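Colleague: For reference, the file upload-v3.cif (mmCIF, C-alpha atoms) is included below:
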data_my_file
loop_
_atom_site.label_atom_id
_atom_site.label_comp_id
_atom_site.auth_asym_id
_atom_site.auth_seq_id
_atom_site.Cartn_x
_atom_site.Cartn_y
_atom_site.Cartn_z
CA MET A 90 0.00 0.00 0.00
CA ASP A 91 1.30 3.43 -0.97
CA LYS A 92 2.14 5.79 1.78
CA ILE A 93 3.03 9.44 1.65
CA PRO A 94 6.15 10.15 3.71
CA ILE A 95 5.98 12.76 6.46
CA LEU A 96 9.35 14.34 7.19
CA ARG A 97 10.25 16.13 10.35
CA MET A 98 12.33 19.26 10.15
CA GLY A 99 12.84 20.98 13.47
CA SER A 100 9.45 21.85 14.82
CA PHE A 101 7.83 21.56 11.41
CA LEU A 102 6.47 18.63 9.45
CA LEU A 103 7.06 18.39 5.72
CA VAL A 104 4.74 16.54 3.37
CA THR A 105 5.43 16.49 -0.35
CA ILE A 106 2.74 14.83 -2.40
CA GLN A 107 4.38 13.42 -5.52
CA VAL A 108 1.52 11.29 -6.81
CA ASP A 109 -2.06 12.02 -7.65
CA LEU A 110 -4.03 11.50 -4.50
CA TYR A 111 -6.81 9.00 -4.50
CA ASP A 112 -9.38 9.00 -1.73
CA ARG A 113 -7.92 6.20 0.35
CA LEU A 114 -4.43 7.65 0.24
CA ALA A 115 -5.72 11.06 1.27
CA LEU A 116 -7.61 9.61 4.21
CA ASN A 117 -4.49 7.73 5.34
CA LEU A 118 -2.43 10.89 5.02
CA GLU A 119 -4.92 12.77 7.16
CA ALA A 120 -4.75 10.13 9.90
CA ASP A 121 -0.96 9.76 9.75
CA LEU A 122 -0.37 13.48 9.79
CA VAL A 123 -2.54 14.15 12.83
CA GLN A 124 -0.82 11.29 14.65
CA MET A 125 2.55 12.71 13.73
CA VAL A 126 1.67 16.25 14.86
CA GLN A 127 0.66 14.90 18.21
CA LYS A 128 3.69 12.66 18.55
CA THR A 129 6.34 15.20 17.53
CA ASN A 130 4.62 18.17 19.05
CA ALA A 131 5.07 19.99 15.75
CA ARG A 132 4.21 23.69 15.48
CA GLY A 133 3.76 23.82 11.73
CA VAL A 134 2.80 21.59 8.80
CA LEU A 135 3.99 22.31 5.28
CA ILE A 136 2.17 20.48 2.47
CA ASP A 137 3.69 20.71 -0.99
CA ILE A 138 1.13 19.97 -3.71
CA SER A 139 3.08 21.28 -6.70
CA ALA A 140 2.93 17.87 -8.37
CA VAL A 141 -0.81 17.46 -7.89
CA SER A 142 -2.63 18.24 -11.11
CA ILE A 143 -6.03 16.74 -10.40
CA VAL A 144 -8.17 17.74 -7.49
CA ASP A 145 -11.78 17.07 -6.52
CA SER A 146 -14.08 18.28 -3.77
CA PHE A 147 -13.07 15.39 -1.54
CA MET A 148 -9.39 16.31 -1.79
CA GLY A 149 -10.22 19.93 -1.06
CA ARG A 150 -12.11 18.90 2.02
CA ILE A 151 -9.27 16.67 3.22
CA ILE A 152 -6.82 19.56 2.97
CA GLY A 153 -9.24 21.75 4.89
CA ASN A 154 -9.68 19.02 7.48
CA ILE A 155 -5.95 18.62 7.96
CA ALA A 156 -5.63 22.36 8.56
CA SER A 157 -8.45 22.44 11.09
CA MET A 158 -7.19 19.36 12.94
CA SER A 159 -3.65 20.69 13.11
CA LYS A 160 -4.98 24.00 14.35
CA ILE A 161 -6.66 22.23 17.27
CA LEU A 162 -3.32 20.57 18.02
CA ASP A 163 -1.67 24.02 17.90
CA ALA A 164 0.08 23.64 14.56
CA GLU A 165 -0.34 25.96 11.55
CA THR A 166 -0.81 24.46 8.09
CA VAL A 167 0.68 25.99 4.96
CA VAL A 168 -0.13 24.61 1.52
CA VAL A 169 2.50 25.50 -1.07
CA GLY A 170 2.93 25.29 -4.82
CA MET A 171 -0.65 24.94 -5.92
CA GLN A 172 -1.06 24.76 -9.71
CA PRO A 173 -3.22 27.46 -11.37
CA ALA A 174 -5.63 24.84 -12.73
CA VAL A 175 -6.02 23.32 -9.28
CA ALA A 176 -6.67 26.73 -7.72
CA ILE A 177 -9.33 27.55 -10.32
CA THR A 178 -10.98 24.15 -9.83
CA LEU A 179 -11.15 24.55 -6.06
CA ILE A 180 -12.70 28.02 -6.42
CA GLU A 181 -15.24 26.75 -8.94
CA LEU A 182 -16.09 23.93 -6.54
CA GLY A 183 -16.73 26.55 -3.89
CA LEU A 184 -13.83 25.52 -1.67
CA PRO A 185 -11.73 28.62 -0.96
CA LEU A 186 -9.93 26.69 1.84
CA LYS A 187 -10.51 29.27 4.54
CA GLY A 188 -8.16 28.77 7.47
CA VAL A 189 -5.43 27.26 5.31
CA HIS A 190 -2.36 29.39 4.76
CA THR A 191 -0.82 29.30 1.32
CA ALA A 192 2.52 30.19 -0.21
CA LEU A 193 3.94 30.18 -3.69
CA ASN A 194 6.79 27.75 -3.06
CA MET A 195 8.53 25.77 -0.34
CA GLU A 196 10.92 28.58 0.56
CA LYS A 197 8.21 31.19 0.99
CA GLY A 198 6.08 28.70 2.87
CA MET A 199 8.90 28.06 5.29
CA ASP A 200 9.40 31.80 5.84
CA LEU A 201 5.69 32.20 6.46
CA LEU A 202 5.64 29.37 9.01
CA LYS A 203 8.68 30.77 10.79
CA SER A 204 7.19 34.23 11.00
CA MET A 205 3.98 32.76 12.38
CA ILE A 206 5.56 30.48 14.95
CA ASP A 207 8.81 32.08 16.06
CA THR A 208 7.84 35.69 16.54
CA PRO A 209 4.31 35.90 17.81
CA GLU A 210 5.04 39.00 19.91
CA GLU A 211 6.42 40.88 16.90
CA GLU A 212 3.24 40.21 14.98
CA ALA A 213 1.13 41.81 17.65
CA ASN A 214 3.18 45.02 17.48
CA ASP A 215 3.37 45.41 13.74
CA GLN A 216 -0.20 45.76 12.62
CA PRO A 217 0.11 46.04 8.80
CA LEU A 218 2.63 43.24 8.67
CA ASP A 219 0.32 41.13 10.74
CA ASP A 220 -2.41 41.60 8.16
CA PHE A 221 -0.14 40.48 5.42
CA VAL A 222 1.08 37.40 7.20
CA ALA A 223 -2.34 36.32 8.31
CA GLU A 224 -3.71 36.47 4.78
CA MET B 81 -46.10 24.41 -60.92
CA SER B 82 -47.18 23.07 -64.23
CA PHE B 83 -44.74 21.34 -66.48
CA ASN B 84 -45.06 24.21 -68.90
CA THR B 85 -43.95 26.93 -66.57
CA SER B 86 -40.93 25.06 -65.42
CA GLN B 87 -40.02 24.42 -69.08
CA LEU B 88 -40.71 27.99 -69.95
CA LEU B 89 -38.41 29.34 -67.26
CA GLN B 90 -35.75 26.91 -68.37
CA LYS B 91 -36.02 28.20 -71.91
CA LYS B 92 -36.13 31.83 -70.95
CA LYS B 93 -33.16 31.63 -68.60
CA LYS B 94 -31.05 34.10 -70.52
CA TYR B 95 -33.90 36.57 -70.79
CA ILE B 96 -34.65 36.35 -67.06
CA LEU B 97 -31.02 37.01 -66.27
CA GLU B 98 -31.07 40.12 -68.46
CA LEU B 99 -34.26 41.36 -66.85
CA TRP B 100 -32.91 40.68 -63.39
CA MET B 101 -29.62 42.43 -64.09
CA LYS B 102 -31.54 45.39 -65.43
CA ASN B 103 -33.63 45.50 -62.26
CA GLN B 104 -30.55 45.27 -60.07
CA LEU B 105 -28.62 47.91 -61.96
CA ALA B 106 -31.61 50.23 -61.92
CA ASP B 107 -31.99 49.88 -58.16
CA GLU B 108 -30.61 52.86 -56.30
CA GLY B 109 -29.32 50.57 -53.58
CA LEU B 110 -26.71 49.15 -55.97
CA ARG B 111 -23.30 49.19 -54.34
CA GLU B 112 -20.70 49.49 -57.04
CA ASP B 113 -18.11 50.24 -54.38
CA LEU B 114 -18.58 46.81 -52.79
CA ILE B 115 -19.21 44.56 -55.77
CA SER B 116 -18.33 44.90 -59.45
CA ASN B 117 -20.94 44.43 -62.14
CA GLU B 118 -19.17 41.38 -63.54
CA GLU B 119 -19.10 39.76 -60.15
CA LEU B 120 -22.75 40.57 -59.59
CA ARG B 121 -23.58 39.08 -62.96
CA SER B 122 -21.74 35.83 -62.31
CA GLN B 123 -23.41 35.52 -58.90
CA SER B 124 -26.81 36.12 -60.45
CA GLU B 125 -26.18 33.68 -63.28
CA GLU B 126 -25.11 30.94 -60.90
CA LEU B 127 -28.21 31.41 -58.80
CA ILE B 128 -30.58 31.43 -61.78
CA ASN B 129 -29.02 28.31 -63.28
CA SER B 130 -29.39 26.47 -60.03
CA LEU B 131 -32.89 27.77 -59.37
CA VAL B 132 -34.31 27.02 -62.79
CA GLY B 133 -32.51 23.71 -62.99
CA ASN B 134 -33.97 22.45 -59.74
CA LEU B 135 -37.45 23.78 -60.24
CA SER B 136 -40.04 21.08 -60.91
CA SER B 137 -43.75 20.59 -60.43
CA GLU B 138 -43.21 18.35 -57.38
CA ASN B 139 -40.97 20.46 -55.21
CA VAL B 140 -42.56 23.83 -55.73
CA ALA B 141 -44.62 23.78 -52.55
CA ASP B 142 -41.99 22.24 -50.32
CA ILE B 143 -38.92 24.35 -49.62
CA ASN B 144 -37.58 21.62 -47.36
CA SER B 145 -37.25 19.08 -50.17
CA ASP B 146 -33.69 17.99 -50.92
CA GLU B 147 -33.78 19.36 -54.46
CA TRP B 148 -33.66 22.88 -53.05
CA ASN B 149 -30.44 22.29 -51.16
CA PRO B 150 -28.07 23.43 -53.95
CA VAL B 151 -30.09 26.64 -54.44
CA ILE B 152 -30.12 27.35 -50.71
CA GLU B 153 -26.42 26.65 -50.53
CA ILE B 154 -25.59 29.14 -53.30
CA LEU B 155 -27.93 31.73 -51.81
CA GLY B 156 -26.42 31.18 -48.34
CA GLY B 157 -22.92 31.67 -49.75
CA ILE B 158 -23.92 34.93 -51.38
CA ALA B 159 -25.67 36.17 -48.22
CA ILE B 160 -22.69 35.38 -45.98
CA THR B 161 -20.26 37.10 -48.34
CA ARG B 162 -22.52 40.14 -48.43
CA ALA B 163 -22.75 40.25 -44.64
CA ARG B 164 -18.96 40.26 -44.40
CA GLN B 165 -18.58 42.87 -47.15
CA GLY B 166 -20.85 45.20 -45.23
CA PHE B 167 -24.00 45.22 -47.35
CA SER B 168 -27.10 46.49 -45.59
CA PRO B 169 -30.04 44.12 -45.06
CA ARG B 170 -32.10 46.12 -47.55
CA GLU B 171 -29.48 45.72 -50.28
CA THR B 172 -29.20 42.01 -49.66
CA GLY B 173 -32.97 41.62 -49.62
CA SER B 174 -33.48 43.50 -52.86
CA PHE B 175 -31.07 41.08 -54.55
CA VAL B 176 -33.64 38.29 -54.16
CA PHE B 177 -36.72 40.43 -54.55
CA SER B 178 -35.57 41.83 -57.87
CA LEU B 179 -35.29 38.24 -59.14
CA LYS B 180 -38.88 37.68 -58.14
CA ASP B 181 -39.90 40.72 -60.14
CA ALA B 182 -38.08 39.40 -63.18
CA LEU B 183 -39.67 35.95 -62.93
CA ILE B 184 -43.17 37.37 -62.54
CA GLN B 185 -42.63 39.67 -65.49
CA VAL B 186 -41.70 36.71 -67.71
CA LEU B 187 -44.78 34.82 -66.57
CA GLN B 188 -46.91 37.84 -67.32
CA GLU B 189 -45.61 38.16 -70.84
CA GLU B 190 -46.17 34.50 -71.60
CA ASN B 191 -49.62 34.11 -70.05
CA LYS B 192 -51.15 37.36 -71.16
CA ASN B 193 -54.36 35.74 -72.32
CA ASP B 194 -55.04 33.39 -69.47
CA ALA B 195 -55.51 35.31 -66.23
CA LYS B 196 -56.36 32.21 -64.23
CA VAL B 197 -53.11 30.40 -65.09
CA LEU B 198 -51.12 33.59 -64.62
CA PHE B 199 -52.54 34.07 -61.14
CA ALA B 200 -51.91 30.48 -60.06
CA GLU B 201 -48.36 30.39 -61.39
CA SER B 202 -47.46 33.81 -59.98
CA LEU B 203 -48.65 32.69 -56.59
CA LYS B 204 -46.39 29.64 -56.70
CA ILE B 205 -43.38 31.64 -57.84
CA SER B 206 -44.04 34.18 -55.11
CA ARG B 207 -44.12 31.49 -52.50
CA ILE B 208 -40.80 30.00 -53.56
CA MET B 209 -39.11 33.35 -53.76
CA ASP B 210 -40.47 34.39 -50.36
CA ASN B 211 -39.06 31.23 -48.84
CA LEU B 212 -35.73 31.88 -50.51
CA SER B 213 -35.62 35.43 -49.15
CA ILE B 214 -36.26 34.09 -45.65
CA VAL B 215 -33.30 31.78 -46.12
CA THR B 216 -31.21 34.71 -47.35
CA PHE B 217 -32.03 36.78 -44.31
CA GLU B 218 -31.37 33.97 -41.89
CA THR B 219 -27.93 33.40 -43.39
CA PHE B 220 -27.24 37.12 -43.61
CA ILE B 221 -27.95 37.58 -39.91
CA LYS B 222 -25.93 34.51 -39.05
CA GLY B 223 -22.99 35.97 -40.96
CA ARG B 224 -23.30 39.25 -39.05
CA GLU B 225 -23.45 37.41 -35.73
CA GLU B 226 -20.29 35.51 -36.60
CA VAL B 227 -18.52 38.81 -37.19
CA ILE B 228 -19.69 40.07 -33.78
CA LEU B 229 -18.59 36.88 -32.02
CA ARG B 230 -15.15 37.05 -33.59
CA GLN B 231 -14.75 40.65 -32.50
CA THR B 232 -15.82 39.79 -28.95
CA ASP B 233 -13.16 37.10 -28.81
CA GLU B 234 -10.53 39.50 -30.06
CA ILE B 235 -11.47 42.14 -27.49
CA ALA B 236 -11.33 39.59 -24.70
CA GLU B 237 -7.91 38.50 -25.85
CA ILE B 238 -6.25 41.87 -26.18
CA SER B 239 -7.65 43.42 -23.04
CA THR B 240 -6.14 41.27 -20.31
CA PRO B 241 -2.46 42.12 -20.03
CA VAL B 242 -0.56 41.19 -16.87
CA ILE B 243 2.06 43.81 -16.05
CA ARG B 244 5.05 43.26 -13.84
CA VAL B 245 5.36 46.55 -11.96
CA TRP B 246 8.05 45.46 -9.54
CA ASP B 247 10.01 42.40 -8.71
CA GLY B 248 7.34 40.23 -7.12
CA ILE B 249 4.43 42.58 -7.79
CA LEU B 250 2.03 42.09 -10.69
CA ALA B 251 -0.64 44.51 -11.84
CA LEU B 252 -3.64 43.61 -13.95
CA PRO B 253 -5.73 46.51 -15.24
CA ILE B 254 -9.20 45.37 -16.25
CA ILE B 255 -10.90 47.43 -18.95
CA GLY B 256 -14.53 46.78 -19.79
CA THR B 257 -17.21 44.61 -18.30
CA LEU B 258 -16.26 41.43 -16.49
CA ASP B 259 -18.36 38.42 -17.48
CA SER B 260 -17.77 34.77 -16.67
CA ALA B 261 -15.78 34.06 -19.82
CA ARG B 262 -13.48 37.06 -19.31
CA THR B 263 -13.01 36.30 -15.63
CA GLN B 264 -11.84 32.86 -16.65
CA ILE B 265 -9.25 34.35 -19.04
CA VAL B 266 -8.15 36.98 -16.52
CA MET B 267 -7.80 34.37 -13.78
CA GLU B 268 -5.84 31.95 -15.94
CA ASN B 269 -3.48 34.66 -17.21
CA LEU B 270 -2.91 36.03 -13.73
CA LEU B 271 -2.30 32.67 -12.06
CA GLN B 272 0.02 31.57 -14.86
CA GLU B 273 2.01 34.78 -14.54
CA ILE B 274 2.21 34.38 -10.75
CA VAL B 275 3.76 30.94 -11.22
CA GLU B 276 6.18 32.15 -13.88
CA THR B 277 7.42 35.25 -12.05
CA GLY B 278 7.10 33.93 -8.52
CA SER B 279 5.24 37.08 -7.53
CA SER B 280 3.66 37.25 -4.12
CA ILE B 281 1.38 40.22 -4.70
CA ALA B 282 -1.10 40.87 -7.49
CA ILE B 283 -2.96 44.15 -7.92
CA LEU B 284 -6.29 43.95 -9.71
CA ASP B 285 -7.12 47.43 -10.96
CA ILE B 286 -10.78 47.94 -11.80
CA SER B 287 -10.72 51.65 -12.73
CA GLY B 288 -11.73 50.62 -16.24
CA VAL B 289 -14.72 48.56 -15.21
CA PRO B 290 -17.82 50.67 -15.90
CA ALA B 291 -20.09 49.08 -13.31
CA VAL B 292 -19.86 46.49 -10.59
CA ASP B 293 -22.95 44.42 -9.92
CA SER B 294 -23.23 41.37 -7.71
CA LEU B 295 -22.13 39.08 -10.55
CA VAL B 296 -19.00 41.10 -11.32
CA ALA B 297 -18.22 41.29 -7.61
CA GLN B 298 -18.54 37.54 -7.33
CA HIS B 299 -16.11 37.12 -10.22
CA LEU B 300 -13.66 39.46 -8.50
CA ILE B 301 -13.97 37.53 -5.24
CA LYS B 302 -13.34 34.30 -7.12
CA THR B 303 -10.17 35.68 -8.68
CA VAL B 304 -8.92 36.93 -5.33
CA SER B 305 -9.62 33.57 -3.67
CA ALA B 306 -7.83 31.67 -6.43
CA THR B 307 -4.82 33.94 -6.08
CA ARG B 308 -4.82 33.35 -2.34
CA LEU B 309 -4.89 29.58 -2.90
CA MET B 310 -1.80 29.91 -5.06
CA GLY B 311 -0.04 31.55 -2.14
CA ALA B 312 -0.07 35.11 -3.40
CA GLU B 313 -2.00 38.07 -2.15
CA CYS B 314 -4.48 39.96 -4.27
CA ILE B 315 -5.34 43.63 -3.83
CA ILE B 316 -8.26 45.26 -5.62
CA SER B 317 -7.56 48.86 -6.53
CA GLY B 318 -9.16 51.63 -8.56
CA ILE B 319 -12.48 51.54 -6.77
CA ARG B 320 -14.38 54.67 -7.67
CA PRO B 321 -16.80 56.27 -5.18
CA GLU B 322 -19.83 55.24 -7.26
CA ILE B 323 -18.62 51.66 -7.26
CA ALA B 324 -18.14 51.74 -3.49
CA GLN B 325 -21.70 52.99 -3.20
CA THR B 326 -23.20 50.27 -5.39
CA VAL B 327 -21.19 47.55 -3.67
CA VAL B 328 -22.48 48.59 -0.26
CA HIS B 329 -26.04 49.08 -1.50
CA LEU B 330 -26.03 45.61 -3.03
CA GLY B 331 -24.83 44.21 0.28
CA ILE B 332 -21.68 42.64 -1.18
CA ASP B 333 -19.13 41.76 1.47
CA LEU B 334 -15.62 42.74 0.43
CA SER B 335 -14.35 43.04 3.99
CA ASN B 336 -11.94 40.12 3.76
CA ILE B 337 -10.39 41.49 0.57
CA ILE B 338 -7.82 44.25 0.64
CA THR B 339 -9.22 47.15 -1.34
CA LYS B 340 -7.53 50.42 -2.20
CA SER B 341 -8.88 53.44 -4.03
CA THR B 342 -5.93 53.97 -6.33
CA LEU B 343 -3.23 51.89 -7.92
CA ALA B 344 -0.67 54.09 -6.15
CA SER B 345 -1.96 53.26 -2.69
CA ALA B 346 -2.13 49.58 -3.63
CA LEU B 347 1.49 49.75 -4.71
CA ALA B 348 2.44 51.50 -1.48
CA TYR B 349 0.73 48.73 0.47
CA ALA B 350 2.54 46.11 -1.60
CA PHE B 351 5.90 47.76 -0.88
CA LYS B 352 5.15 47.76 2.80
CA ALA B 353 4.10 44.12 2.75
CA MET B 354 7.31 43.18 0.97
CA LYS B 355 9.29 45.27 3.45
CA LEU B 356 10.47 47.59 0.69
CA GLU B 357 10.93 51.29 1.18
CA VAL B 358 10.75 54.09 -1.34
CA ARG B 359 12.17 57.34 -0.10
CA LYS B 360 13.70 60.57 -1.25
CA THR B 361 17.46 60.58 -1.47
CA SER B 362 19.20 63.36 0.39
CA THR B 363 21.55 64.13 -2.47
CA VAL B 364 20.22 65.23 -5.81
CA LEU B 365 21.47 63.11 -8.69
CA LYS B 366 23.76 65.25 -10.81
CA SER B 367 23.02 64.97 -14.48
CA ASN B 368 25.14 66.23 -17.31
CA PHE B 369 22.71 68.64 -18.87
#
Take the structure in the file and give it back as structure tokens.
Modeller:
Amino acid sequence: MDKIPILRMGSFLLVTIQVDLYDRLALNLEADLVQMVQKTNARGVLIDISAVSIVDSFMGRIIGNIASMSKILDAETVVVGMQPAVAITLIELGLPLKGVHTALNMEKGMDLLKSMIDTPEEEANDQPLDDFVAE
Amino acid sequence: MSFNTSQLLQKKKKYILELWMKNQLADEGLREDLISNEELRSQSEELINSLVGNLSSENVADINSDEWNPVIEILGGIAITRARQGFSPRETGSFVFSLKDALIQVLQEENKNDAKVLFAESLKISRIMDNLSIVTFETFIKGREEVILRQTDEIAEISTPVIRVWDGILALPIIGTLDSARTQIVMENLLQEIVETGSSIAILDISGVPAVDSLVAQHLIKTVSATRLMGAECIISGIRPEIAQTVVHLGIDLSNIITKSTLASALAYAFKAMKLEVRKTSTVLKSNF
């Protein structure tokens, strides 16, 4: 059975999805990831979906679920590298993925996570910057 | 149509053509600037040949019969060409109607003594020609609509440029009304450009959008959401006071979208978000002139 590897990097978890997700795989990923967040006490989850070209409403919901579950376990989720076609599909399906942070690529996603996790007191002071980061 | 009439028209083909050409040339709606007389003549001759050749006593009442297909095809071709060349509907219509006049005139000359036959045959000819003019108009309008559709496509294509205003900042001025099809093009162009340039901020400038209704607003929200999913931020700028008024009156919620009144303030916001600073230098640059 296929399994998507979850890598640990400091206080973050890295997931790169290299295959097209089918429902079973996505459900397993959701379960594994939540387990892993709890076990490693991770503060952030980075999901790279740059290789995913097909997405359906179920997949969109799974990503949303992962974000909400991680949030309850005090970890922020950032989805990076979404393809234009995938983004348009999700919007047309009516799934704007509220509550999920996004970034253009891995590097920017990492910066975003760091700014969210490491410097919470700075965010509170700098109001405009806070807006930008939270978007 | 009696056997005789169909034979008669066959025989008098040349004469009908002459009559028809005379009618057309006498018409004040003749457009010598758009079509030469020789061309007009060859068009007319082709149509008459096909019409007279396919006319028989069986198919006269039924325009849908297969024997009429070649005539309709020729007529359709002529109508489409005329639509593209810029003929008016009246000019195109008179092309067919003047043929009717010519045909009736021939019938009149041949059946001078028998009013009953003349009436019956004229009625039949009228019916055919009326049907043919309906076909002409249908094709003419179809040709015009094609022209309009092609122009719409062209406008949609040329009016969605994505401009790179700064390293990592894209601007997309939207001119004209936003409908679903255009939103799709705008969205695709923008997202593609975001991927290619790795930009983290996109400014959607709607100063050129004449009116924002709930549908347009929904399209804007969709574009902004899609940009956010890609990991970039989207600012809507160029919101005129009237547009702000309509948006609020319609009860559209734009509160979770960053909106600015001018492109300049959107750019200033983008600079701030990217931690860039634009400031006056203390020393004036010395130029050579």
Colleague: Considering all atoms listed in the file, return as a PyMOL selection string whatever protein or nucleic-acid residues lie within 12 Å of A:Leu202, sequence-local ones (same chain, fewer than 2 positions apart) excluded.
Modeller: chain A and resi 99-103+131-136+164-169+189-192+195-200+204-209+222-223
Colleague: With all atoms listed in the file as the basis for distance, which of A:Ser146, A:Ser139, A:Thr105, A:Asn154 is at the shortest distance from chain B?
Modeller: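 Among A:Ser146, A:Ser139, A:Thr105, A:Asn154, it is A:Ser139 that comes nearest to chain B.
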Colleague: For the file shown, report as a list in words the outcome of the PyMOL selection byres ((chain B and resi 221) around 12) at residue level.
Modeller: Gly156, Ala159, Ile160, Thr161, Arg162, Ala163, Arg164, Gly166, Phe167, Ser168, Pro169, Thr172, Gly173, Ile214, Val215, Thr216, Phe217, Glu218, Thr219, Phe220, Lys222, Gly223, Arg224, Glu225, Glu226, Val227 and Ile228 of chain B
Colleague: For chain A, which residue among B:Val364, B:Leu334, B:Ile301, B:Leu343 is the nearest when counting all atoms listed in the file?
Modeller: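 The closest residue to chain A is B:Ile301.
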Colleague: Of the candidates A:Leu114, A:Ile106, A:Ser157, A:Asn130, which shows the shortest atom-to-atom distance to A:Met171, using all atoms listed in the file?
Modeller: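 Checking each candidate against A:Met171, we get A:Ile106 as the closest.
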Colleague: Pull out every residue of chain B that has at least one atom within 10 Å of chain A, counting all atoms listed in the file, and report them as a compact mmCIF listing (two decimals) with C-alpha atoms, in the coordinates of the input.
Modeller:
# COMPACT_ATOMS: atom_id res chain seq x y z
CA GLN B 264 -11.84 32.86 -16.65
CA MET B 267 -7.80 34.37 -13.78
CA GLU B 268 -5.84 31.95 -15.94
CA ASN B 269 -3.48 34.66 -17.21
CA LEU B 270 -2.91 36.03 -13.73
CA LEU B 271 -2.30 32.67 -12.06
CA GLN B 272 0.02 31.57 -14.86
CA GLU B 273 2.01 34.78 -14.54
CA ILE B 274 2.21 34.38 -10.75
CA VAL B 275 3.76 30.94 -11.22
CA GLY B 278 7.10 33.93 -8.52
CA SER B 279 5.24 37.08 -7.53
CA SER B 280 3.66 37.25 -4.12
CA ILE B 301 -13.97 37.53 -5.24
CA LYS B 302 -13.34 34.30 -7.12
CA THR B 303 -10.17 35.68 -8.68
CA VAL B 304 -8.92 36.93 -5.33
CA SER B 305 -9.62 33.57 -3.67
CA ALA B 306 -7.83 31.67 -6.43
CA THR B 307 -4.82 33.94 -6.08
CA ARG B 308 -4.82 33.35 -2.34
CA LEU B 309 -4.89 29.58 -2.90
CA MET B 310 -1.80 29.91 -5.06
CA GLY B 311 -0.04 31.55 -2.14
CA ALA B 312 -0.07 35.11 -3.40
CA GLU B 313 -2.00 38.07 -2.15
CA CYS B 314 -4.48 39.96 -4.27
CA ASN B 336 -11.94 40.12 3.76
CA ILE B 337 -10.39 41.49 0.57
CA ILE B 338 -7.82 44.25 0.64
CA TYR B 349 0.73 48.73 0.47
CA ALA B 350 2.54 46.11 -1.60
CA LYS B 352 5.15 47.76 2.80
CA ALA B 353 4.10 44.12 2.75
CA MET B 354 7.31 43.18 0.97
CA LYS B 355 9.29 45.27 3.45
Colleague: Nearest to A:Gly188 among A:Val144, A:Leu116, A:Met158, A:Val123, with distances taken over all atoms listed in the file: which residue is it?
Modeller: A:Met158
Colleague: Work out how far apart atom CA of B:Ala182 and atom CA of B:Trp148 are and give it in Å to one decimal.
Modeller: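 A separation of 19.9 Å between them.
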Colleague: In Å, rounded to a single decimal, give me how far atom CA of B:Val296 is from atom CA of B:Thr263.
Modeller: 8.8 Å
Colleague: Between A:Leu182, A:Leu96, A:Val108, A:Asp91, which residue has the minimum interatomic distance to A:Phe147, considering all atoms listed in the file?
Modeller: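 Ranking A:Leu182, A:Leu96, A:Val108, A:Asp91 by distance to A:Phe147, first place goes to A:Leu182.
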Colleague: List the residues selected by the PyMOL selection byres ((chain B and resi 93) around 12) in the file shown, writing them as a ChimeraX atom specification.
Modeller: /B:85-92,94-100,124-133,179,182-183,186
Colleague: Please write the residues picked by the PyMOL selection byres ((chain B and resi 347) around 12) on this file as a PyMOL selection string.
Modeller: chain B and resi 244-251+281-285+314-318+339-346+348-354+356-358
Colleague: Here is a test: counting all atoms listed in the file, which residue of B:Asp146, B:Glu153, B:Asp181, B:Glu234 is nearest to B:Asn103?
Modeller: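 Comparing B:Asp146, B:Glu153, B:Asp181, B:Glu234 against B:Asn103, the winner is B:Asp181.
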Colleague: Do you know which residues are at most 12 Å from stretch 202-208 of chain B counting all atoms listed in the file, after dropping those on the same chain fewer than 2 positions away, and could you put them as a compact mmCIF listing (two decimals) with C-alpha atoms, keeping the file's coordinate frame?
Modeller:
# COMPACT_ATOMS: atom_id res chain seq x y z
CA MET B 81 -46.10 24.41 -60.92
CA SER B 82 -47.18 23.07 -64.23
CA THR B 85 -43.95 26.93 -66.57
CA SER B 86 -40.93 25.06 -65.42
CA LEU B 89 -38.41 29.34 -67.26
CA LEU B 131 -32.89 27.77 -59.37
CA VAL B 132 -34.31 27.02 -62.79
CA ASN B 134 -33.97 22.45 -59.74
CA LEU B 135 -37.45 23.78 -60.24
CA SER B 136 -40.04 21.08 -60.91
CA SER B 137 -43.75 20.59 -60.43
CA GLU B 138 -43.21 18.35 -57.38
CA ASN B 139 -40.97 20.46 -55.21
CA VAL B 140 -42.56 23.83 -55.73
CA ALA B 141 -44.62 23.78 -52.55
CA ASP B 142 -41.99 22.24 -50.32
CA ILE B 143 -38.92 24.35 -49.62
CA ASN B 144 -37.58 21.62 -47.36
CA SER B 145 -37.25 19.08 -50.17
CA TRP B 148 -33.66 22.88 -53.05
CA VAL B 151 -30.09 26.64 -54.44
CA ILE B 152 -30.12 27.35 -50.71
CA VAL B 176 -33.64 38.29 -54.16
CA PHE B 177 -36.72 40.43 -54.55
CA SER B 178 -35.57 41.83 -57.87
CA LEU B 179 -35.29 38.24 -59.14
CA LYS B 180 -38.88 37.68 -58.14
CA ASP B 181 -39.90 40.72 -60.14
CA ALA B 182 -38.08 39.40 -63.18
CA LEU B 183 -39.67 35.95 -62.93
CA ILE B 184 -43.17 37.37 -62.54
CA GLN B 185 -42.63 39.67 -65.49
CA VAL B 186 -41.70 36.71 -67.71
CA LEU B 187 -44.78 34.82 -66.57
CA GLN B 188 -46.91 37.84 -67.32
CA GLU B 189 -45.61 38.16 -70.84
CA GLU B 190 -46.17 34.50 -71.60
CA ASN B 191 -49.62 34.11 -70.05
CA ALA B 195 -55.51 35.31 -66.23
CA LYS B 196 -56.36 32.21 -64.23
CA VAL B 197 -53.11 30.40 -65.09
CA LEU B 198 -51.12 33.59 -64.62
CA PHE B 199 -52.54 34.07 -61.14
CA ALA B 200 -51.91 30.48 -60.06
CA ASP B 210 -40.47 34.39 -50.36
CA ASN B 211 -39.06 31.23 -48.84
CA LEU B 212 -35.73 31.88 -50.51
CA SER B 213 -35.62 35.43 -49.15
CA ILE B 214 -36.26 34.09 -45.65
CA VAL B 215 -33.30 31.78 -46.12
